[in-house]
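Q: Pasting entry_25.cif here (mmCIF, C-alpha atoms):
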```cif
data_start
loop_
_atom_site.label_atom_id
_atom_site.label_comp_id
_atom_site.auth_asym_id
_atom_site.auth_seq_id
_atom_site.Cartn_x
_atom_site.Cartn_y
_atom_site.Cartn_z
CA MET A 1 28.16 -3.78 21.24
CA GLU A 2 31.15 -3.54 18.90
CA LYS A 3 33.54 -0.89 17.57
CA ASP A 4 33.90 0.80 20.98
CA GLY A 5 30.15 1.28 21.26
CA ALA A 6 29.62 2.53 17.71
CA LEU A 7 27.82 -0.59 16.47
CA LEU A 8 24.96 -2.55 18.04
CA ARG A 9 24.36 -6.06 16.75
CA LEU A 10 20.92 -7.61 17.17
CA ARG A 11 20.32 -11.25 16.22
CA LEU A 12 17.03 -13.10 15.89
CA ALA A 13 17.60 -16.44 17.64
CA LYS A 14 14.40 -18.41 18.12
CA PRO A 15 14.58 -21.92 16.62
CA LYS A 16 13.58 -23.03 14.22
CA ALA A 17 12.31 -20.20 12.08
CA ASN A 18 12.77 -17.04 14.19
CA LEU A 19 9.04 -16.39 14.49
CA VAL A 20 8.16 -12.82 15.38
CA ASP A 21 6.03 -13.66 18.40
CA ALA A 22 5.32 -11.76 21.62
CA ALA A 23 8.59 -12.86 23.21
CA MET A 24 10.64 -11.80 20.18
CA ILE A 25 8.88 -8.45 20.04
CA GLU A 26 9.54 -7.80 23.72
CA ALA A 27 13.22 -8.77 23.42
CA LEU A 28 13.75 -6.43 20.47
CA HIS A 29 11.91 -3.64 22.26
CA GLU A 30 14.10 -4.03 25.34
CA ALA A 31 17.30 -3.98 23.29
CA LEU A 32 16.30 -0.89 21.32
CA THR A 33 15.22 0.93 24.47
CA GLN A 34 18.45 0.05 26.27
CA TYR A 35 20.74 1.36 23.54
CA ARG A 36 18.62 4.11 21.97
CA ARG A 37 20.48 6.93 23.72
CA HIS A 38 23.97 5.41 23.64
CA VAL A 39 26.08 8.48 22.88
CA MET A 40 28.61 6.72 20.63
CA LEU A 41 26.12 4.65 18.60
CA ARG A 42 26.33 5.08 14.83
CA GLY A 43 24.62 1.99 13.50
CA VAL A 44 22.76 -1.27 14.13
CA ILE A 45 23.00 -4.56 12.26
CA LEU A 46 20.02 -6.90 12.52
CA ASP A 47 20.64 -10.49 11.41
CA ALA A 48 19.45 -13.98 12.33
CA GLU A 49 20.68 -17.39 13.44
CA GLY A 50 19.93 -20.47 11.37
CA PRO A 51 19.18 -20.95 7.69
CA HIS A 52 16.28 -18.46 7.61
CA PHE A 53 15.87 -14.86 8.68
CA SER A 54 12.24 -15.34 9.75
CA PHE A 55 9.14 -17.23 8.66
CA GLY A 56 7.06 -14.31 9.98
CA ALA A 57 4.67 -13.65 12.81
CA SER A 58 3.07 -16.29 14.99
CA VAL A 59 -0.21 -17.35 13.37
CA GLU A 60 -1.58 -18.50 16.74
CA GLU A 61 -1.16 -14.96 18.07
CA HIS A 62 -3.15 -13.61 15.12
CA LEU A 63 -6.30 -15.53 16.04
CA PRO A 64 -9.26 -13.33 17.07
CA ALA A 65 -8.67 -13.56 20.82
CA LYS A 66 -5.09 -12.32 20.57
CA CYS A 67 -4.74 -10.36 17.34
CA ALA A 68 -5.49 -6.90 18.77
CA ALA A 69 -2.71 -7.17 21.33
CA MET A 70 -0.35 -8.73 18.79
CA LEU A 71 -0.89 -6.00 16.20
CA ALA A 72 -0.50 -3.25 18.78
CA SER A 73 2.81 -4.62 20.10
CA LEU A 74 4.22 -5.42 16.64
CA HIS A 75 3.31 -2.02 15.24
CA ALA A 76 4.76 -0.25 18.28
CA LEU A 77 8.04 -2.13 17.71
CA LEU A 78 8.09 -1.31 13.99
CA LEU A 79 7.54 2.37 14.72
CA GLU A 80 10.35 2.20 17.28
CA MET A 81 12.63 0.73 14.62
CA LEU A 82 11.49 3.21 12.01
CA GLU A 83 12.20 6.08 14.40
CA PHE A 84 15.49 4.71 15.79
CA PRO A 85 18.02 7.59 15.68
CA VAL A 86 20.76 5.74 13.77
CA PRO A 87 20.64 3.60 10.61
CA VAL A 88 19.58 -0.03 11.10
CA LEU A 89 21.10 -2.38 8.51
CA VAL A 90 19.57 -5.81 7.86
CA ALA A 91 21.29 -9.03 6.77
CA VAL A 92 18.93 -11.64 5.34
CA GLN A 93 19.42 -15.28 4.45
CA GLY A 94 16.82 -17.87 3.53
CA GLN A 95 13.16 -17.04 4.01
CA CYS A 96 12.16 -13.51 5.04
CA LEU A 97 8.38 -13.60 5.17
CA GLY A 98 5.39 -11.85 6.71
CA GLY A 99 6.23 -10.18 10.00
CA GLY A 100 9.91 -10.94 9.39
CA LEU A 101 9.87 -8.89 6.21
CA GLU A 102 7.95 -6.16 8.03
CA LEU A 103 10.82 -5.98 10.55
CA ALA A 104 13.25 -5.50 7.68
CA LEU A 105 11.04 -2.91 5.99
CA ALA A 106 11.09 -0.74 9.11
CA CYS A 107 14.89 -0.63 8.98
CA GLY A 108 17.29 0.76 6.40
CA ARG A 109 19.51 -0.98 3.85
CA ILE A 110 18.85 -4.68 3.33
CA PHE A 111 21.72 -7.01 2.38
CA ALA A 112 20.52 -10.36 1.02
CA ALA A 113 22.16 -13.71 0.39
CA PRO A 114 21.71 -15.03 -3.19
CA GLY A 115 19.19 -17.65 -2.06
CA ALA A 116 17.08 -15.31 0.06
CA GLN A 117 13.32 -15.21 -0.50
CA PHE A 118 11.01 -12.32 0.37
CA GLY A 119 7.23 -12.32 0.62
CA GLN A 120 4.05 -11.23 2.36
CA PRO A 121 1.94 -14.43 2.23
CA GLU A 122 -0.85 -13.16 4.51
CA ILE A 123 -3.39 -12.96 1.68
CA LYS A 124 -3.13 -16.75 1.30
CA LEU A 125 -4.49 -17.05 4.86
CA GLY A 126 -7.45 -14.80 4.14
CA VAL A 127 -5.93 -11.74 5.85
CA PHE A 128 -3.61 -8.89 4.87
CA ALA A 129 -0.37 -7.39 6.17
CA PRO A 130 -1.09 -4.01 7.80
CA ALA A 131 2.51 -2.94 8.42
CA ALA A 132 3.76 -4.05 5.01
CA SER A 133 0.82 -2.21 3.42
CA ALA A 134 2.08 0.98 5.03
CA LEU A 135 5.83 0.40 4.54
CA LEU A 136 6.25 -1.33 1.18
CA PRO A 137 5.24 1.66 -0.98
CA TYR A 138 8.14 3.59 0.58
CA ARG A 139 10.61 0.81 -0.29
CA VAL A 140 9.42 -0.12 -3.79
CA ASN A 141 7.04 1.40 -6.32
CA GLN A 142 3.28 1.07 -5.87
CA PRO A 143 2.70 -1.68 -8.48
CA ALA A 144 5.53 -3.77 -6.99
CA ALA A 145 4.10 -3.30 -3.51
CA GLU A 146 0.64 -4.37 -4.68
CA ASP A 147 2.15 -7.40 -6.43
CA LEU A 148 3.62 -8.71 -3.18
CA LEU A 149 0.63 -7.75 -1.01
CA LEU A 150 -2.15 -9.01 -3.28
CA THR A 151 -0.60 -12.20 -4.66
CA GLY A 152 1.26 -13.40 -1.57
CA ARG A 153 4.05 -14.72 -3.80
CA SER A 154 7.68 -14.82 -2.74
CA ILE A 155 10.44 -13.28 -4.81
CA GLY A 156 14.13 -14.14 -4.94
CA ALA A 157 17.00 -11.89 -4.01
CA GLU A 158 17.72 -10.74 -7.57
CA GLU A 159 14.12 -9.69 -8.20
CA ALA A 160 14.07 -7.99 -4.81
CA LEU A 161 17.21 -6.09 -5.84
CA ALA A 162 15.68 -5.09 -9.17
CA ILE A 163 12.59 -3.54 -7.55
CA GLY A 164 14.61 -1.80 -4.82
CA LEU A 165 13.45 -3.96 -1.93
CA VAL A 166 17.05 -4.92 -1.12
CA GLN A 167 20.18 -2.91 -1.78
CA ALA A 168 22.80 -5.64 -2.23
CA VAL A 169 22.94 -9.36 -3.00
CA VAL A 170 26.10 -10.88 -1.53
CA GLU A 171 27.34 -14.25 -0.32
CA ASP A 172 27.76 -13.04 3.27
CA PRO A 173 25.15 -10.35 3.97
CA ALA A 174 26.16 -9.83 7.62
CA ALA A 175 29.79 -9.24 6.65
CA ALA A 176 28.69 -6.92 3.85
CA ALA A 177 26.53 -4.92 6.27
CA ALA A 178 29.47 -4.63 8.68
CA SER A 179 31.77 -3.51 5.86
CA TRP A 180 29.24 -0.91 4.70
CA PHE A 181 28.93 0.37 8.27
CA GLU A 182 32.70 0.72 8.59
CA GLN A 183 33.04 2.46 5.23
CA HIS A 184 30.10 4.86 5.45
CA LEU A 185 29.01 5.33 9.09
CA LEU A 186 31.83 4.60 11.52
CA GLY A 187 33.73 7.81 10.75
CA LYS A 188 30.71 10.07 11.10
CA SER A 189 29.75 12.21 14.11
CA ALA A 190 27.17 10.26 16.12
CA ALA A 191 25.34 13.51 16.91
CA ALA A 192 25.17 14.59 13.28
CA LEU A 193 24.17 11.11 12.13
CA ALA A 194 21.29 10.98 14.61
CA CYS A 195 19.96 14.31 13.37
CA ALA A 196 20.41 13.31 9.72
CA THR A 197 18.57 10.02 10.27
CA VAL A 198 15.62 11.78 11.88
CA ALA A 199 15.61 14.39 9.10
CA ALA A 200 15.76 11.84 6.29
CA ARG A 201 12.94 9.69 7.67
CA GLY A 202 10.67 12.35 9.16
CA VAL A 203 7.86 12.41 6.59
CA MET A 204 7.80 8.62 6.30
CA GLN A 205 7.69 8.24 10.09
CA HIS A 206 4.68 10.53 10.44
CA LYS A 207 2.79 9.01 7.51
CA VAL A 208 3.41 5.41 8.54
CA ARG A 209 2.32 6.12 12.11
CA GLU A 210 -0.98 7.57 10.85
CA ARG A 211 -1.48 4.81 8.30
CA LEU A 212 -0.83 2.00 10.80
CA ALA A 213 -3.59 3.29 13.05
CA GLU A 214 -6.01 3.27 10.11
CA LEU A 215 -4.95 -0.21 9.03
CA GLU A 216 -5.30 -1.63 12.54
CA ARG A 217 -8.93 -0.49 12.55
CA LEU A 218 -9.50 -1.99 9.10
CA TYR A 219 -7.97 -5.30 10.24
CA LEU A 220 -9.79 -5.56 13.57
CA ASP A 221 -13.14 -3.93 12.82
CA TRP A 222 -13.73 -5.32 9.34
CA LEU A 223 -11.39 -8.11 8.29
CA MET A 224 -11.53 -10.16 11.50
CA ARG A 225 -15.32 -10.12 11.42
CA THR A 226 -15.33 -11.96 8.09
CA HIS A 227 -15.76 -15.70 7.77
CA ASP A 228 -12.78 -16.08 5.45
CA ALA A 229 -10.22 -14.47 7.76
CA ASN A 230 -11.10 -16.85 10.55
CA GLU A 231 -11.34 -19.80 8.17
CA GLY A 232 -7.97 -19.07 6.59
CA LEU A 233 -6.14 -18.88 9.91
CA ALA A 234 -7.85 -22.04 11.18
CA ALA A 235 -7.07 -23.91 7.96
CA PHE A 236 -3.39 -22.98 8.23
CA LEU A 237 -3.15 -24.26 11.80
CA GLU A 238 -5.07 -27.42 10.89
CA LYS A 239 -2.89 -27.96 7.79
CA ARG A 240 -5.77 -28.11 5.34
CA GLN A 241 -7.07 -26.10 2.39
CA PRO A 242 -9.38 -23.22 3.36
CA ALA A 243 -13.02 -23.24 2.26
CA TRP A 244 -13.68 -19.65 1.21
CA THR A 245 -17.19 -18.21 1.28
CA HIS A 246 -15.93 -14.85 -0.01
CA GLN A 247 -17.55 -13.15 2.95
#
```
Mind turning this structure into structure tokens?
A:
Amino acid sequence: MEKDGALLRLRLAKPKANLVDAAMIEALHEALTQYRRHVMLRGVILDAEGPHFSFGASVEEHLPAKCAAMLASLHALLLEMLEFPVPVLVAVQGQCLGGGLELALACGRIFAAPGAQFGQPEIKLGVFAPAASALLPYRVNQPAAEDLLLTGRSIGAEEALAIGLVQAVVEDPAAAAASWFEQHLLGKSAAALACATVAARGVMQHKVRERLAELERLYLDWLMRTHDANEGLAAFLEKRQPAWTHQ
């Protein structure tokens, strides 16, 4: 906590690539629960240790035996972030991929370092990104969302800025987020800001909650019964090229 309880700082700190695994999800959930009703809170800054924000979710935890529990816990966390009653600012450096980008998408303004890279590479593993499928169209336009979701390509910070995925490209994104907080949020009434945040995000919150439930069913009941989803995940873990059957 900083600024006399007005600012909560959360930092991803799991070497070497800040994977969004079960332990990371639980730690973020505990932090958000602990400070959710802090009366003086007016903002959160989420950043990361090391050269990269996050390489994404744990592939091992997306294998058939574990993926239902993993999706449920990740989506619950993302909804918690989406519905958090004060703005959550994100500072990104290096790679911000997969589940790491989904974390950022559930927050507010994204500040990116010039060398940052953003992407949803799940399609390359024979799967798709449920949360990003629900959240990206709210952050960028529909064609840009489909580009990232269907190609799996990564984009640089300047392209991310151009499509509205990030809001600033700066040398020190964490410092820029802190400066923006001080300039625009610190002087506000915490009570008014909480109400304004809920009001501004209300429709998106309801729609994303409904859509995530639908996408979980699509992922578990259809996708994970295909050969290619299981082959793609296995090939990634075995460090080989997948052999698609297109079924």
Q: Choose the residue, out of A:Ala234, A:Ala200, A:Ala176, A:Leu46, that has the smallest atom-to-atom separation from Leu89 in chain A; count only C-alpha atoms.
A: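 Using only C-alpha atoms, Leu89 in chain A sits closest to A:Leu46.
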Q: So how far away is CA of Arg139 in chain A from CA of Glu80 in chain A, in Å?
A: 17.6 Å
Q: When distances are computed from all atoms listed in the file, which of A:Leu149, A:Leu78, A:Ala177, A:Ala134 shows the smallest separation from Val92 in chain A?
A: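 The answer is A:Ala177, which sits nearest to Val92 in chain A.
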Q: Contacts of range 30-44 of chain A at 9 Å or less, counting all atoms listed in the file, minus same-chain residues fewer than 4 places along, as a PyMOL selection string?
A: chain A and resi 4-10+25-26+80-81+84-90+181+185-191+193-194
Q: Name the residues captured by the PyMOL selection byres ((chain A and resi 216) around 10) when it is applied to the shown file; answer as a ChimeraX atom specification.
A: /A:67-68,71-72,75,129-131,211-215,217-223
Q: Restricting the calculation to only C-alpha atoms: of A:Ala116, A:Leu82, A:Leu12, A:Leu101, which residue gets closest to Asp172 in chain A?
A: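 Of all the options, A:Ala116 lies closest to Asp172 in chain A.
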Q: To one decimal in Å, tell me the separation between CA of Ala57 in chain A and CA of Asp21 in chain A.
A: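 Those two atoms sit 5.8 Å apart.
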Q: Would you compute the distance between CA of Ala174 in chain A and CA of Ala112 in chain A? Give it in Å to one decimal.
A: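 According to the coordinates, CA of Ala174 in chain A and CA of Ala112 in chain A are separated by 8.7 Å.
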Q: When the PyMOL selection byres ((chain A and resi 52-55) around 8) is applied to the structure above, which residues does it catch, written out as an mmCIF file with C-alpha atoms, in the coordinates of the input?
A:
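Resulting contents of selection05.cif:
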```cif
data_model
loop_
_atom_site.group_PDB
_atom_site.id
_atom_site.type_symbol
_atom_site.label_atom_id
_atom_site.label_comp_id
_atom_site.auth_asym_id
_atom_site.auth_seq_id
_atom_site.Cartn_x
_atom_site.Cartn_y
_atom_site.Cartn_z
ATOM 1 C CA LEU A 12 17.030 -13.100 15.890
ATOM 2 C CA ALA A 17 12.310 -20.200 12.080
ATOM 3 C CA ASN A 18 12.770 -17.040 14.190
ATOM 4 C CA LEU A 19 9.040 -16.390 14.490
ATOM 5 C CA VAL A 20 8.160 -12.820 15.380
ATOM 6 C CA ASP A 47 20.640 -10.490 11.410
ATOM 7 C CA ALA A 48 19.450 -13.980 12.330
ATOM 8 C CA GLU A 49 20.680 -17.390 13.440
ATOM 9 C CA GLY A 50 19.930 -20.470 11.370
ATOM 10 C CA PRO A 51 19.180 -20.950 7.690
ATOM 11 C CA GLY A 56 7.060 -14.310 9.980
ATOM 12 C CA ALA A 57 4.670 -13.650 12.810
ATOM 13 C CA VAL A 92 18.930 -11.640 5.340
ATOM 14 C CA GLN A 93 19.420 -15.280 4.450
ATOM 15 C CA GLY A 94 16.820 -17.870 3.530
ATOM 16 C CA GLN A 95 13.160 -17.040 4.010
ATOM 17 C CA CYS A 96 12.160 -13.510 5.040
ATOM 18 C CA LEU A 97 8.380 -13.600 5.170
ATOM 19 C CA GLY A 98 5.390 -11.850 6.710
ATOM 20 C CA GLY A 99 6.230 -10.180 10.000
ATOM 21 C CA GLY A 100 9.910 -10.940 9.390
ATOM 22 C CA LEU A 101 9.870 -8.890 6.210
#
```
Q: Would you please work out which residue, of A:Leu165, A:Thr197, A:Val208, A:Leu77, is nearest to Ser133 in chain A when using only C-alpha atoms?
A: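 Using only C-alpha atoms, the shortest distance to Ser133 in chain A belongs to A:Val208.
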Q: What's around Val127 in chain A at 9 Å? Count all atoms listed in the file, leave out sequence neighbours fewer than 4 positions away in its own chain, and write the answer as a PyMOL selection string.
A: chain A and resi 122-123+219+223-224+228-230+232-233
Q: Please save C-alpha atoms of the selected residues as an mmCIF file, in the coordinates of the input.
A:
```cif
data_model
loop_
_atom_site.group_PDB
_atom_site.id
_atom_site.type_symbol
_atom_site.label_atom_id
_atom_site.label_comp_id
_atom_site.auth_asym_id
_atom_site.auth_seq_id
_atom_site.Cartn_x
_atom_site.Cartn_y
_atom_site.Cartn_z
ATOM 1 C CA GLU A 122 -0.850 -13.160 4.510
ATOM 2 C CA ILE A 123 -3.390 -12.960 1.680
ATOM 3 C CA TYR A 219 -7.970 -5.300 10.240
ATOM 4 C CA LEU A 223 -11.390 -8.110 8.290
ATOM 5 C CA MET A 224 -11.530 -10.160 11.500
ATOM 6 C CA ASP A 228 -12.780 -16.080 5.450
ATOM 7 C CA ALA A 229 -10.220 -14.470 7.760
ATOM 8 C CA ASN A 230 -11.100 -16.850 10.550
ATOM 9 C CA GLY A 232 -7.970 -19.070 6.590
ATOM 10 C CA LEU A 233 -6.140 -18.880 9.910
#
```
Q: Determine the residue set returned by the PyMOL selection byres ((chain A and resi 145) around 10) for the present structure, and present it as a VMD selection string.
A: chain A and resid 120 132 to 144 146 to 150 163 165
Q: Taking all atoms listed in the file into account, name the residue in A:Arg11, A:His206, A:Ala22, A:Val198 that is nearest to His62 in chain A.
A: A:Ala22
Q: With N, CA, C and O atoms as the atom set, please write range 144-160 of chain A from the structure just given, as an mmCIF file, in the first residue's frame.
A:
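Below is the file part-v7.cif, written as the result:
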```
data_model
loop_
_atom_site.group_PDB
_atom_site.id
_atom_site.type_symbol
_atom_site.label_atom_id
_atom_site.label_comp_id
_atom_site.auth_asym_id
_atom_site.auth_seq_id
_atom_site.Cartn_x
_atom_site.Cartn_y
_atom_site.Cartn_z
ATOM 1 N N ALA A 144 -9.547 -6.253 -35.353
ATOM 2 C CA ALA A 144 -8.259 -6.327 -34.653
ATOM 3 C C ALA A 144 -8.258 -7.454 -33.633
ATOM 4 O O ALA A 144 -7.257 -8.151 -33.463
ATOM 5 N N ALA A 145 -9.386 -7.652 -32.959
ATOM 6 C CA ALA A 145 -9.499 -8.752 -32.013
ATOM 7 C C ALA A 145 -9.370 -10.093 -32.734
ATOM 8 O O ALA A 145 -8.639 -10.991 -32.285
ATOM 9 N N GLU A 146 -10.052 -10.236 -33.859
ATOM 10 C CA GLU A 146 -9.980 -11.489 -34.613
ATOM 11 C C GLU A 146 -8.570 -11.730 -35.149
ATOM 12 O O GLU A 146 -8.105 -12.882 -35.197
ATOM 13 N N ASP A 147 -7.887 -10.667 -35.530
ATOM 14 C CA ASP A 147 -6.500 -10.802 -36.003
ATOM 15 C C ASP A 147 -5.647 -11.474 -34.941
ATOM 16 O O ASP A 147 -4.967 -12.474 -35.206
ATOM 17 N N LEU A 148 -5.683 -10.972 -33.721
ATOM 18 C CA LEU A 148 -4.863 -11.530 -32.658
ATOM 19 C C LEU A 148 -5.307 -12.944 -32.273
ATOM 20 O O LEU A 148 -4.482 -13.821 -32.023
ATOM 21 N N LEU A 149 -6.619 -13.167 -32.224
ATOM 22 C CA LEU A 149 -7.146 -14.453 -31.762
ATOM 23 C C LEU A 149 -6.994 -15.567 -32.797
ATOM 24 O O LEU A 149 -6.778 -16.727 -32.433
ATOM 25 N N LEU A 150 -7.095 -15.233 -34.069
ATOM 26 C CA LEU A 150 -7.101 -16.261 -35.110
ATOM 27 C C LEU A 150 -5.724 -16.526 -35.703
ATOM 28 O O LEU A 150 -5.477 -17.619 -36.235
ATOM 29 N N THR A 151 -4.822 -15.542 -35.634
ATOM 30 C CA THR A 151 -3.478 -15.758 -36.175
ATOM 31 C C THR A 151 -2.491 -16.183 -35.100
ATOM 32 O O THR A 151 -1.507 -16.863 -35.401
ATOM 33 N N GLY A 152 -2.711 -15.765 -33.859
ATOM 34 C CA GLY A 152 -1.770 -16.055 -32.795
ATOM 35 C C GLY A 152 -0.508 -15.223 -32.851
ATOM 36 O O GLY A 152 0.431 -15.454 -32.084
ATOM 37 N N ARG A 153 -0.465 -14.226 -33.748
ATOM 38 C CA ARG A 153 0.755 -13.420 -33.878
ATOM 39 C C ARG A 153 0.888 -12.437 -32.727
ATOM 40 O O ARG A 153 -0.101 -12.062 -32.087
ATOM 41 N N SER A 154 2.107 -12.017 -32.461
ATOM 42 C CA SER A 154 2.362 -10.983 -31.472
ATOM 43 C C SER A 154 2.531 -9.642 -32.171
ATOM 44 O O SER A 154 3.005 -9.577 -33.313
ATOM 45 N N ILE A 155 2.143 -8.586 -31.481
ATOM 46 C CA ILE A 155 2.302 -7.244 -32.021
ATOM 47 C C ILE A 155 3.141 -6.413 -31.055
ATOM 48 O O ILE A 155 3.141 -6.648 -29.848
ATOM 49 N N GLY A 156 3.857 -5.445 -31.590
ATOM 50 C CA GLY A 156 4.680 -4.573 -30.774
ATOM 51 C C GLY A 156 3.866 -3.485 -30.101
ATOM 52 O O GLY A 156 2.666 -3.306 -30.364
ATOM 53 N N ALA A 157 4.531 -2.737 -29.255
ATOM 54 C CA ALA A 157 3.852 -1.722 -28.462
ATOM 55 C C ALA A 157 3.207 -0.643 -29.332
ATOM 56 O O ALA A 157 2.089 -0.182 -29.034
ATOM 57 N N GLU A 158 3.885 -0.226 -30.401
ATOM 58 C CA GLU A 158 3.337 0.844 -31.237
ATOM 59 C C GLU A 158 2.074 0.386 -31.971
ATOM 60 O O GLU A 158 1.107 1.140 -32.086
ATOM 61 N N GLU A 159 2.075 -0.840 -32.460
ATOM 62 C CA GLU A 159 0.864 -1.357 -33.106
ATOM 63 C C GLU A 159 -0.247 -1.526 -32.084
ATOM 64 O O GLU A 159 -1.419 -1.239 -32.358
ATOM 65 N N ALA A 160 0.116 -1.989 -30.882
ATOM 66 C CA ALA A 160 -0.883 -2.119 -29.821
ATOM 67 C C ALA A 160 -1.487 -0.759 -29.462
ATOM 68 O O ALA A 160 -2.685 -0.661 -29.188
#
```
